[in-house]
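The block underneath contains the structure these notes are about, expressed in structure tokens.
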Amino acid sequence: MISERQQKKIAVINDLSGYGRCSLTVAIPILSALKVQCCPVPTSILSNHTGFPVYFFDDYTDKMGLYLEKWTELGLEFDGIFSGFLGSEAQIGIVMSMIRQFQGKDTLVVIDPIMGDHGKAYQTYTPAMCSRMKELVCLGDIVTPNLTEACILTGRKYRDEGWHRTELLAMAEEIREMGPSGVVITGVKEGAYLTNVIAERGKETAFCRSMRVGRERPGTGDVFSAIVAAEAVKGASLTDAAKKAARFVKRCILKSEELNVPVQNGVCFEEVLSELIKWK
């Protein structure tokens, strides 16, 4: 039997969307399937993700400090801290304080700097928030930006395609030099392929690509980064963790297309979660 002390625990900071398969509703089951305890820190509560035409939204910023205060009083410790979507400068500041408070010498910090996609920052993300996110990235051990977010972090002009690998290598290294020991730039288009650029301190940069399949769906980044966080906390190399995550995301997309799941509903990872459990 695995004791609580032996089992890995990750504090996951993200919103809770009741419908649409993203954020915490993705992280909780995936981390659990990978035998890692998921300890949620909700940043907001939504009826469904914002890709739908209407949604209920309850900001949790004012409650986050009180929530974390009780964890401090209990003396809780975590093997990992994993940060996802943050809705304000205040929330970014709270997460930075949380990292400083709860990060032990062996605590792995994973930052998914969710700021934008398709070359543009999300409407909610101001220039000040993007600047603040750079400060948060400096506190991470592993950072998983998509191509848009990598461009925002490094001040580069976005291109949808046509990136030379030397440019991608330079961009990944620039982010790594901000502080993280590992960086994964996700979703770079290379013709019929999607490539993940994996830069890890002391190792040669890897370019891991797979054939593009299906339609783009919300929540795939959440699936990817949750697997990377769980595998890395358990001791896997960043390259192995990213390859496993990419393989599972592709499997989820294919299954979702097979079942004709509406794009807004994300990926039906539940249908193939048993496969992830079996993969080495």
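Labels used: A, B, ... for chains in the order of the structure tokens, numbers from 1 for residues in each chain, and numbers from 1 for ligands as shown.
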Can you list, as a PyMOL selection string, every residue of range 16-125 of chain A that DSSP puts in strand (DSSP E or B)? chain A and resi 16-17+37-46+57-59+80-83+108-111+116-117+120-121
Now that the selection is made, can you save its residues with N, CA, C and O atoms as a compact mmCIF listing (two decimals), in the first residue's frame?
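To be explicit, this is the file written out as selection_15.txt:
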# COMPACT_ATOMS: atom_id res chain seq x y z
N LEU A 16 -12.51 26.38 -12.28
CA LEU A 16 -13.38 25.21 -12.33
C LEU A 16 -14.55 25.52 -13.25
O LEU A 16 -15.41 26.34 -12.93
N SER A 17 -14.55 24.88 -14.42
CA SER A 17 -15.65 25.05 -15.38
C SER A 17 -16.51 23.80 -15.36
O SER A 17 -16.01 22.69 -15.61
N GLN A 37 -1.97 12.75 -6.46
CA GLN A 37 -3.09 13.44 -5.80
C GLN A 37 -3.18 14.87 -6.30
O GLN A 37 -2.20 15.61 -6.27
N CYS A 38 -4.37 15.25 -6.75
CA CYS A 38 -4.62 16.61 -7.23
C CYS A 38 -5.27 17.41 -6.11
O CYS A 38 -6.34 17.04 -5.63
N CYS A 39 -4.64 18.50 -5.71
CA CYS A 39 -5.15 19.37 -4.64
C CYS A 39 -5.52 20.73 -5.27
O CYS A 39 -4.65 21.57 -5.49
N PRO A 40 -6.80 20.94 -5.61
CA PRO A 40 -7.18 22.12 -6.38
C PRO A 40 -7.14 23.42 -5.58
O PRO A 40 -7.48 23.45 -4.40
N VAL A 41 -6.74 24.48 -6.27
CA VAL A 41 -6.88 25.85 -5.77
C VAL A 41 -7.70 26.60 -6.82
O VAL A 41 -7.17 27.03 -7.85
N PRO A 42 -9.02 26.73 -6.63
CA PRO A 42 -9.86 27.36 -7.65
C PRO A 42 -9.65 28.87 -7.73
O PRO A 42 -9.60 29.55 -6.71
N THR A 43 -9.50 29.36 -8.96
CA THR A 43 -9.35 30.80 -9.19
C THR A 43 -10.68 31.45 -9.54
O THR A 43 -10.85 32.66 -9.37
N SER A 44 -11.60 30.65 -10.05
CA SER A 44 -12.95 31.13 -10.38
C SER A 44 -13.84 29.91 -10.63
O SER A 44 -13.33 28.81 -10.85
N ILE A 45 -15.12 30.14 -10.60
CA ILE A 45 -16.09 29.09 -10.87
C ILE A 45 -16.91 29.52 -12.08
O ILE A 45 -17.45 30.64 -12.11
N LEU A 46 -16.98 28.65 -13.09
CA LEU A 46 -17.78 28.94 -14.29
C LEU A 46 -18.76 27.81 -14.53
O LEU A 46 -18.46 26.64 -14.24
N PHE A 57 -20.08 33.22 -14.25
CA PHE A 57 -18.70 33.38 -13.80
C PHE A 57 -18.67 33.97 -12.40
O PHE A 57 -19.33 34.97 -12.12
N ASP A 58 -17.92 33.33 -11.51
CA ASP A 58 -17.76 33.82 -10.14
C ASP A 58 -16.26 33.90 -9.84
O ASP A 58 -15.58 32.88 -9.73
N ASP A 59 -15.75 35.13 -9.73
CA ASP A 59 -14.33 35.35 -9.47
C ASP A 59 -14.00 34.95 -8.03
O ASP A 59 -14.69 35.32 -7.09
N GLY A 80 4.54 19.11 -6.05
CA GLY A 80 4.46 19.97 -7.22
C GLY A 80 3.45 21.08 -7.03
O GLY A 80 2.49 20.94 -6.27
N ILE A 81 3.68 22.19 -7.70
CA ILE A 81 2.72 23.30 -7.80
C ILE A 81 2.54 23.56 -9.29
O ILE A 81 3.52 23.77 -10.01
N PHE A 82 1.30 23.52 -9.74
CA PHE A 82 0.99 23.59 -11.17
C PHE A 82 -0.03 24.70 -11.39
O PHE A 82 -1.15 24.63 -10.90
N SER A 83 0.38 25.72 -12.12
CA SER A 83 -0.46 26.89 -12.36
C SER A 83 -0.96 26.93 -13.79
O SER A 83 -0.19 26.79 -14.73
N LEU A 108 8.44 20.73 -7.37
CA LEU A 108 8.55 21.09 -8.80
C LEU A 108 7.43 22.07 -9.15
O LEU A 108 6.26 21.82 -8.88
N VAL A 109 7.79 23.20 -9.74
CA VAL A 109 6.81 24.22 -10.13
C VAL A 109 6.62 24.19 -11.64
O VAL A 109 7.58 24.38 -12.40
N VAL A 110 5.38 23.94 -12.07
CA VAL A 110 5.04 23.88 -13.49
C VAL A 110 4.10 25.04 -13.80
O VAL A 110 3.04 25.17 -13.18
N ILE A 111 4.48 25.86 -14.77
CA ILE A 111 3.68 27.02 -15.15
C ILE A 111 3.18 26.83 -16.59
O ILE A 111 3.99 26.70 -17.51
N GLY A 116 -2.91 33.40 -24.50
CA GLY A 116 -3.48 33.66 -25.82
C GLY A 116 -3.29 32.49 -26.76
O GLY A 116 -2.75 31.44 -26.40
N ASP A 117 -3.74 32.69 -27.99
CA ASP A 117 -3.63 31.66 -29.03
C ASP A 117 -3.82 32.31 -30.38
O ASP A 117 -4.31 33.44 -30.49
N LYS A 120 -2.67 36.03 -30.87
CA LYS A 120 -3.24 37.15 -30.12
C LYS A 120 -3.41 36.78 -28.65
O LYS A 120 -3.75 35.64 -28.33
N ALA A 121 -3.19 37.77 -27.78
CA ALA A 121 -3.49 37.58 -26.37
C ALA A 121 -5.00 37.54 -26.20
O ALA A 121 -5.75 38.15 -26.98
When DSSP is applied to the backbone of this structure, which of range 125-247 of chain A are assigned helix (DSSP H, G or I)? Write them out as a PyMOL selection string. chain A and resi 127-137+147-154+165-176+220-233+238-247
For the residues in the current selection, export C-alpha atoms as an mmCIF file, in the first residue's frame.
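The new file result.cif reads:
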data_model
loop_
_atom_site.group_PDB
_atom_site.id
_atom_site.type_symbol
_atom_site.label_atom_id
_atom_site.label_comp_id
_atom_site.auth_asym_id
_atom_site.auth_seq_id
_atom_site.Cartn_x
_atom_site.Cartn_y
_atom_site.Cartn_z
ATOM 1 C CA PRO A 127 -0.103 44.218 -21.387
ATOM 2 C CA ALA A 128 0.395 44.593 -17.630
ATOM 3 C CA MET A 129 -0.807 41.023 -17.059
ATOM 4 C CA CYS A 130 1.499 39.709 -19.770
ATOM 5 C CA SER A 131 4.412 41.493 -18.085
ATOM 6 C CA ARG A 132 3.408 40.059 -14.724
ATOM 7 C CA MET A 133 3.218 36.579 -16.246
ATOM 8 C CA LYS A 134 6.875 36.896 -17.244
ATOM 9 C CA GLU A 135 7.672 37.367 -13.555
ATOM 10 C CA LEU A 136 5.717 34.218 -12.703
ATOM 11 C CA VAL A 137 7.530 32.253 -15.405
ATOM 12 C CA LEU A 147 3.656 29.316 -29.805
ATOM 13 C CA THR A 148 1.603 32.493 -29.255
ATOM 14 C CA GLU A 149 2.541 32.619 -25.576
ATOM 15 C CA ALA A 150 6.195 31.944 -26.340
ATOM 16 C CA CYS A 151 6.161 34.939 -28.692
ATOM 17 C CA ILE A 152 4.525 37.120 -26.018
ATOM 18 C CA LEU A 153 7.096 36.048 -23.428
ATOM 19 C CA THR A 154 10.035 36.808 -25.725
ATOM 20 C CA ARG A 165 14.159 25.374 -36.010
ATOM 21 C CA THR A 166 17.070 27.641 -35.147
ATOM 22 C CA GLU A 167 14.509 30.374 -34.346
ATOM 23 C CA LEU A 168 12.458 28.002 -32.202
ATOM 24 C CA LEU A 169 15.578 26.847 -30.396
ATOM 25 C CA ALA A 170 16.570 30.452 -29.680
ATOM 26 C CA MET A 171 13.073 31.273 -28.397
ATOM 27 C CA ALA A 172 12.962 28.233 -26.108
ATOM 28 C CA GLU A 173 16.433 29.032 -24.764
ATOM 29 C CA GLU A 174 15.445 32.642 -24.109
ATOM 30 C CA ILE A 175 12.486 31.491 -22.007
ATOM 31 C CA ARG A 176 14.669 28.960 -20.220
ATOM 32 C CA THR A 220 -6.091 20.037 -25.228
ATOM 33 C CA GLY A 221 -3.460 22.284 -23.658
ATOM 34 C CA ASP A 222 -4.874 21.483 -20.217
ATOM 35 C CA VAL A 223 -4.621 17.749 -20.951
ATOM 36 C CA PHE A 224 -1.049 18.148 -22.187
ATOM 37 C CA SER A 225 0.258 20.209 -19.284
ATOM 38 C CA ALA A 226 -1.499 18.024 -16.674
ATOM 39 C CA ILE A 227 0.298 14.944 -17.986
ATOM 40 C CA VAL A 228 3.630 16.774 -18.133
ATOM 41 C CA ALA A 229 3.199 17.945 -14.533
ATOM 42 C CA ALA A 230 2.267 14.491 -13.224
ATOM 43 C CA GLU A 231 5.017 12.651 -15.074
ATOM 44 C CA ALA A 232 7.691 15.203 -14.190
ATOM 45 C CA VAL A 233 6.765 15.104 -10.491
ATOM 46 C CA LEU A 238 10.757 16.372 -19.644
ATOM 47 C CA THR A 239 11.142 14.852 -23.118
ATOM 48 C CA ASP A 240 9.470 11.593 -22.088
ATOM 49 C CA ALA A 241 6.688 13.475 -20.282
ATOM 50 C CA ALA A 242 6.010 15.717 -23.285
ATOM 51 C CA LYS A 243 6.008 12.781 -25.719
ATOM 52 C CA LYS A 244 3.495 10.909 -23.567
ATOM 53 C CA ALA A 245 1.308 14.006 -23.298
ATOM 54 C CA ALA A 246 1.372 14.646 -27.046
ATOM 55 C CA ARG A 247 0.556 11.018 -27.798
#
Considering only C-alpha atoms, return as a CSV table (one decimal) with N, CA and C atoms, in the first residue's frame whatever protein or nucleic-acid residues lie within 6 Å of range 85-88 of chain A, sequence-local ones (same chain, fewer than 2 positions apart) excluded.
chain,number,residue,atom,x,y,z
A,14,ASN,N,-6.2,26.7,-10.9
A,14,ASN,CA,-6.9,26.9,-12.1
A,14,ASN,C,-8.4,27.2,-11.8
A,90,ALA,N,-3.8,40.4,-9.9
A,90,ALA,CA,-3.9,40.1,-8.5
A,90,ALA,C,-3.7,38.6,-8.4
A,91,GLN,N,-4.3,37.8,-9.2
A,91,GLN,CA,-4.2,36.3,-9.1
A,91,GLN,C,-2.8,35.9,-9.4
A,114,ILE,N,-1.0,30.6,-19.7
A,114,ILE,CA,-2.2,30.7,-20.6
A,114,ILE,C,-2.5,32.2,-20.8
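Of the listed residues A:Ser210, A:Asn146, A:Thr205, A:Gln6, the one whose atoms come nearest to Ile185 in chain A is A:Asn146, with distances taken using only C-alpha atoms.
Within 7 Å of Ala206 in chain A, once only C-alpha atoms are used and residues closer than 6 positions along the same chain are dropped, the contacting residues are Val197, Ile198 and Ala199 of chain A.
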Restricting to only C-alpha atoms, whichever of A:Leu276, A:Gly219, A:Asn265, A:Trp163 is closest to Leu24 in chain A is A:Gly219
List the spatial neighbours of range 254-260 of chain A as a PDB file with N, CA and C atoms, in the first residue's frame - criterion: any atom at most 8 Å away, only C-alpha atoms, same-chain residues fewer than 6 positions off excluded.
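For reference, around.pdb as written:
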ATOM      1  N   VAL A 213      -4.100  15.927 -36.655  1.00  0.00           N
ATOM      2  CA  VAL A 213      -5.346  15.187 -36.844  1.00  0.00           C
ATOM      3  C   VAL A 213      -6.518  16.013 -36.329  1.00  0.00           C
ATOM      4  N   GLY A 214      -7.681  15.786 -36.922  1.00  0.00           N
ATOM      5  CA  GLY A 214      -8.918  16.371 -36.413  1.00  0.00           C
ATOM      6  C   GLY A 214      -8.933  17.887 -36.382  1.00  0.00           C
ATOM      7  N   ARG A 215      -9.883  18.400 -35.608  1.00  0.00           N
ATOM      8  CA  ARG A 215     -10.064  19.846 -35.470  1.00  0.00           C
ATOM      9  C   ARG A 215      -9.454  20.340 -34.156  1.00  0.00           C
ATOM     10  N   VAL A 267     -12.210  17.543 -25.699  1.00  0.00           N
ATOM     11  CA  VAL A 267     -11.866  16.166 -26.068  1.00  0.00           C
ATOM     12  C   VAL A 267     -12.434  15.196 -25.033  1.00  0.00           C
ATOM     13  N   CYS A 268     -12.956  14.088 -25.514  1.00  0.00           N
ATOM     14  CA  CYS A 268     -13.562  13.090 -24.616  1.00  0.00           C
ATOM     15  C   CYS A 268     -12.462  12.161 -24.084  1.00  0.00           C
ATOM     16  N   GLU A 271     -12.973   8.562 -22.521  1.00  0.00           N
ATOM     17  CA  GLU A 271     -13.127   7.361 -23.343  1.00  0.00           C
ATOM     18  C   GLU A 271     -11.822   6.580 -23.477  1.00  0.00           C
ATOM     19  N   VAL A 272     -10.694   7.272 -23.322  1.00  0.00           N
ATOM     20  CA  VAL A 272      -9.393   6.631 -23.556  1.00  0.00           C
ATOM     21  C   VAL A 272      -8.463   6.735 -22.352  1.00  0.00           C
TER      22      VAL A 272
END
Test item: residues at most 12 Å from Gln103 in chain A, only C-alpha atoms, excluding those fewer than 6 positions along its chain, as JSON, numbers by chain: {"A": [10, 11, 72, 75, 76, 77, 78, 79, 80, 81, 82, 95, 96, 97, 109, 110, 139, 140, 141]}
Write the residues of the selection above to a file with all heavy atoms, as a compact mmCIF listing (two decimals), in the first residue's frame.
# COMPACT_ATOMS: atom_id res chain seq x y z
N ILE A 10 0.17 17.26 -6.02
CA ILE A 10 0.36 18.51 -6.76
C ILE A 10 -0.78 19.47 -6.41
O ILE A 10 -1.95 19.11 -6.50
CB ILE A 10 0.37 18.28 -8.28
CG1 ILE A 10 1.54 17.37 -8.69
CG2 ILE A 10 0.48 19.62 -9.01
CD1 ILE A 10 1.61 17.11 -10.19
N ALA A 11 -0.42 20.69 -6.03
CA ALA A 11 -1.40 21.76 -5.86
C ALA A 11 -1.65 22.38 -7.24
O ALA A 11 -0.71 22.86 -7.88
CB ALA A 11 -0.88 22.82 -4.89
N THR A 72 -1.55 26.88 4.94
CA THR A 72 -0.35 27.27 5.68
C THR A 72 -0.47 26.86 7.15
O THR A 72 0.48 26.31 7.74
CB THR A 72 -0.13 28.79 5.58
OG1 THR A 72 0.02 29.16 4.21
CG2 THR A 72 1.12 29.21 6.34
N GLY A 75 0.23 23.36 7.66
CA GLY A 75 1.60 22.95 7.36
C GLY A 75 1.69 22.00 6.18
O GLY A 75 2.56 21.12 6.15
N LEU A 76 0.81 22.18 5.19
CA LEU A 76 0.79 21.27 4.05
C LEU A 76 2.03 21.44 3.17
O LEU A 76 2.56 22.54 3.02
CB LEU A 76 -0.47 21.49 3.22
CG LEU A 76 -1.81 21.27 3.93
CD1 LEU A 76 -2.96 21.43 2.95
CD2 LEU A 76 -1.87 19.91 4.61
N GLU A 77 2.46 20.33 2.60
CA GLU A 77 3.60 20.33 1.69
C GLU A 77 3.20 19.62 0.40
O GLU A 77 2.36 18.72 0.41
CB GLU A 77 4.79 19.62 2.32
CG GLU A 77 5.31 20.29 3.59
CD GLU A 77 6.46 19.53 4.22
OE1 GLU A 77 6.72 18.38 3.81
OE2 GLU A 77 7.11 20.09 5.11
N PHE A 78 3.82 20.02 -0.70
CA PHE A 78 3.46 19.47 -2.01
C PHE A 78 4.71 19.11 -2.80
O PHE A 78 5.74 19.77 -2.71
CB PHE A 78 2.62 20.49 -2.79
CG PHE A 78 1.35 20.88 -2.09
CD1 PHE A 78 1.31 22.01 -1.29
CD2 PHE A 78 0.22 20.09 -2.18
CE1 PHE A 78 0.15 22.37 -0.61
CE2 PHE A 78 -0.95 20.42 -1.51
CZ PHE A 78 -0.98 21.57 -0.72
N ASP A 79 4.58 18.05 -3.61
CA ASP A 79 5.67 17.65 -4.49
C ASP A 79 5.69 18.52 -5.74
O ASP A 79 6.72 18.63 -6.41
CB ASP A 79 5.49 16.18 -4.90
CG ASP A 79 5.50 15.27 -3.69
OD1 ASP A 79 6.58 15.05 -3.12
OD2 ASP A 79 4.41 14.81 -3.29
N GLY A 80 4.54 19.11 -6.05
CA GLY A 80 4.46 19.97 -7.22
C GLY A 80 3.45 21.08 -7.03
O GLY A 80 2.49 20.94 -6.27
N ILE A 81 3.68 22.19 -7.70
CA ILE A 81 2.72 23.30 -7.80
C ILE A 81 2.54 23.56 -9.29
O ILE A 81 3.52 23.77 -10.01
CB ILE A 81 3.22 24.56 -7.09
CG1 ILE A 81 3.42 24.29 -5.60
CG2 ILE A 81 2.25 25.72 -7.30
CD1 ILE A 81 4.10 25.43 -4.85
N PHE A 82 1.30 23.52 -9.74
CA PHE A 82 0.99 23.59 -11.17
C PHE A 82 -0.03 24.70 -11.39
O PHE A 82 -1.15 24.63 -10.90
CB PHE A 82 0.47 22.22 -11.61
CG PHE A 82 -0.15 22.16 -12.98
CD1 PHE A 82 0.25 22.98 -14.01
CD2 PHE A 82 -1.15 21.21 -13.25
CE1 PHE A 82 -0.32 22.90 -15.27
CE2 PHE A 82 -1.73 21.12 -14.50
CZ PHE A 82 -1.33 21.96 -15.51
N VAL A 95 -0.38 33.72 -6.85
CA VAL A 95 0.33 32.49 -7.19
C VAL A 95 1.83 32.63 -6.92
O VAL A 95 2.48 31.70 -6.42
CB VAL A 95 0.06 32.09 -8.65
CG1 VAL A 95 0.91 30.89 -9.06
CG2 VAL A 95 -1.41 31.77 -8.85
N MET A 96 2.38 33.78 -7.22
CA MET A 96 3.81 34.00 -6.93
C MET A 96 4.07 33.88 -5.43
O MET A 96 5.05 33.26 -5.01
CB MET A 96 4.24 35.36 -7.47
CG MET A 96 4.25 35.44 -8.99
SD MET A 96 4.60 37.10 -9.63
CE MET A 96 6.31 37.29 -9.14
N SER A 97 3.18 34.47 -4.63
CA SER A 97 3.33 34.37 -3.18
C SER A 97 3.17 32.93 -2.71
O SER A 97 3.89 32.46 -1.81
CB SER A 97 2.29 35.26 -2.49
OG SER A 97 2.51 36.62 -2.79
N VAL A 109 7.79 23.20 -9.74
CA VAL A 109 6.81 24.22 -10.13
C VAL A 109 6.62 24.19 -11.64
O VAL A 109 7.58 24.38 -12.40
CB VAL A 109 7.26 25.62 -9.68
CG1 VAL A 109 6.25 26.68 -10.14
CG2 VAL A 109 7.40 25.67 -8.16
N VAL A 110 5.38 23.94 -12.07
CA VAL A 110 5.04 23.88 -13.49
C VAL A 110 4.10 25.04 -13.80
O VAL A 110 3.04 25.17 -13.18
CB VAL A 110 4.38 22.54 -13.85
CG1 VAL A 110 4.04 22.50 -15.34
CG2 VAL A 110 5.28 21.37 -13.48
N LEU A 139 9.71 31.97 -11.87
CA LEU A 139 9.66 31.12 -10.68
C LEU A 139 9.41 29.65 -11.02
O LEU A 139 9.43 28.80 -10.14
CB LEU A 139 8.56 31.61 -9.73
CG LEU A 139 8.69 33.03 -9.19
CD1 LEU A 139 7.53 33.35 -8.25
CD2 LEU A 139 10.02 33.22 -8.48
N GLY A 140 9.17 29.34 -12.29
CA GLY A 140 8.84 27.98 -12.69
C GLY A 140 10.07 27.11 -12.92
O GLY A 140 11.15 27.61 -13.25
N ASP A 141 9.89 25.82 -12.72
CA ASP A 141 10.91 24.84 -13.10
C ASP A 141 10.66 24.35 -14.53
O ASP A 141 11.60 24.10 -15.28
CB ASP A 141 10.89 23.64 -12.14
CG ASP A 141 11.29 24.04 -10.74
OD1 ASP A 141 12.38 24.60 -10.56
OD2 ASP A 141 10.50 23.79 -9.81
Which residue of A:Arg217, A:Glu204, A:Thr126, A:Ile142 approaches Val261 in chain A most closely, using only C-alpha atoms: A:Arg217
Atom pair CA of Leu66 in chain A / CA of Gly93 in chain A: separation (Å):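 Computed distance, CA of Leu66 in chain A to CA of Gly93 in chain A, equals 14.5 Å.
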Find the residue from A:Ile13, A:Val36, A:Glu161, A:Thr186 that sits nearest to Ile99 in chain A; use only C-alpha atoms when measuring.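 The answer is A:Ile13, which sits nearest to Ile99 in chain A.
Remark: for Tyr55 in chain A, the closest of the candidate residues A:Glu89, A:Leu68, A:Tyr19, A:Ile28 is A:Tyr19 (distances computed over only C-alpha atoms).
You can rank A:Lys9, A:His164, A:Lys63, A:Lys278 by their closest distance to Glu190 in chain A using only C-alpha atoms, and at the top of that list sits A:His164.
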Separation of CA of Ile94 in chain A from CA of Pro145 in chain A, in Å and rounded to one decimal: 20.3 Å
Figure out the distance between CA of Cys138 in chain A and CA of Gln123 in chain A, please, to one decimal in Å.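 According to the coordinates, CA of Gln123 in chain A and CA of Cys138 in chain A are separated by 23.7 Å.
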Report as a PyMOL selection string all protein, DNA and RNA residues lying within 9 Å of Glu270 in chain A, evaluated on only C-alpha atoms, omitting residues in the same chain fewer than 3 positions from it. chain A and resi 29+252+267+273-274
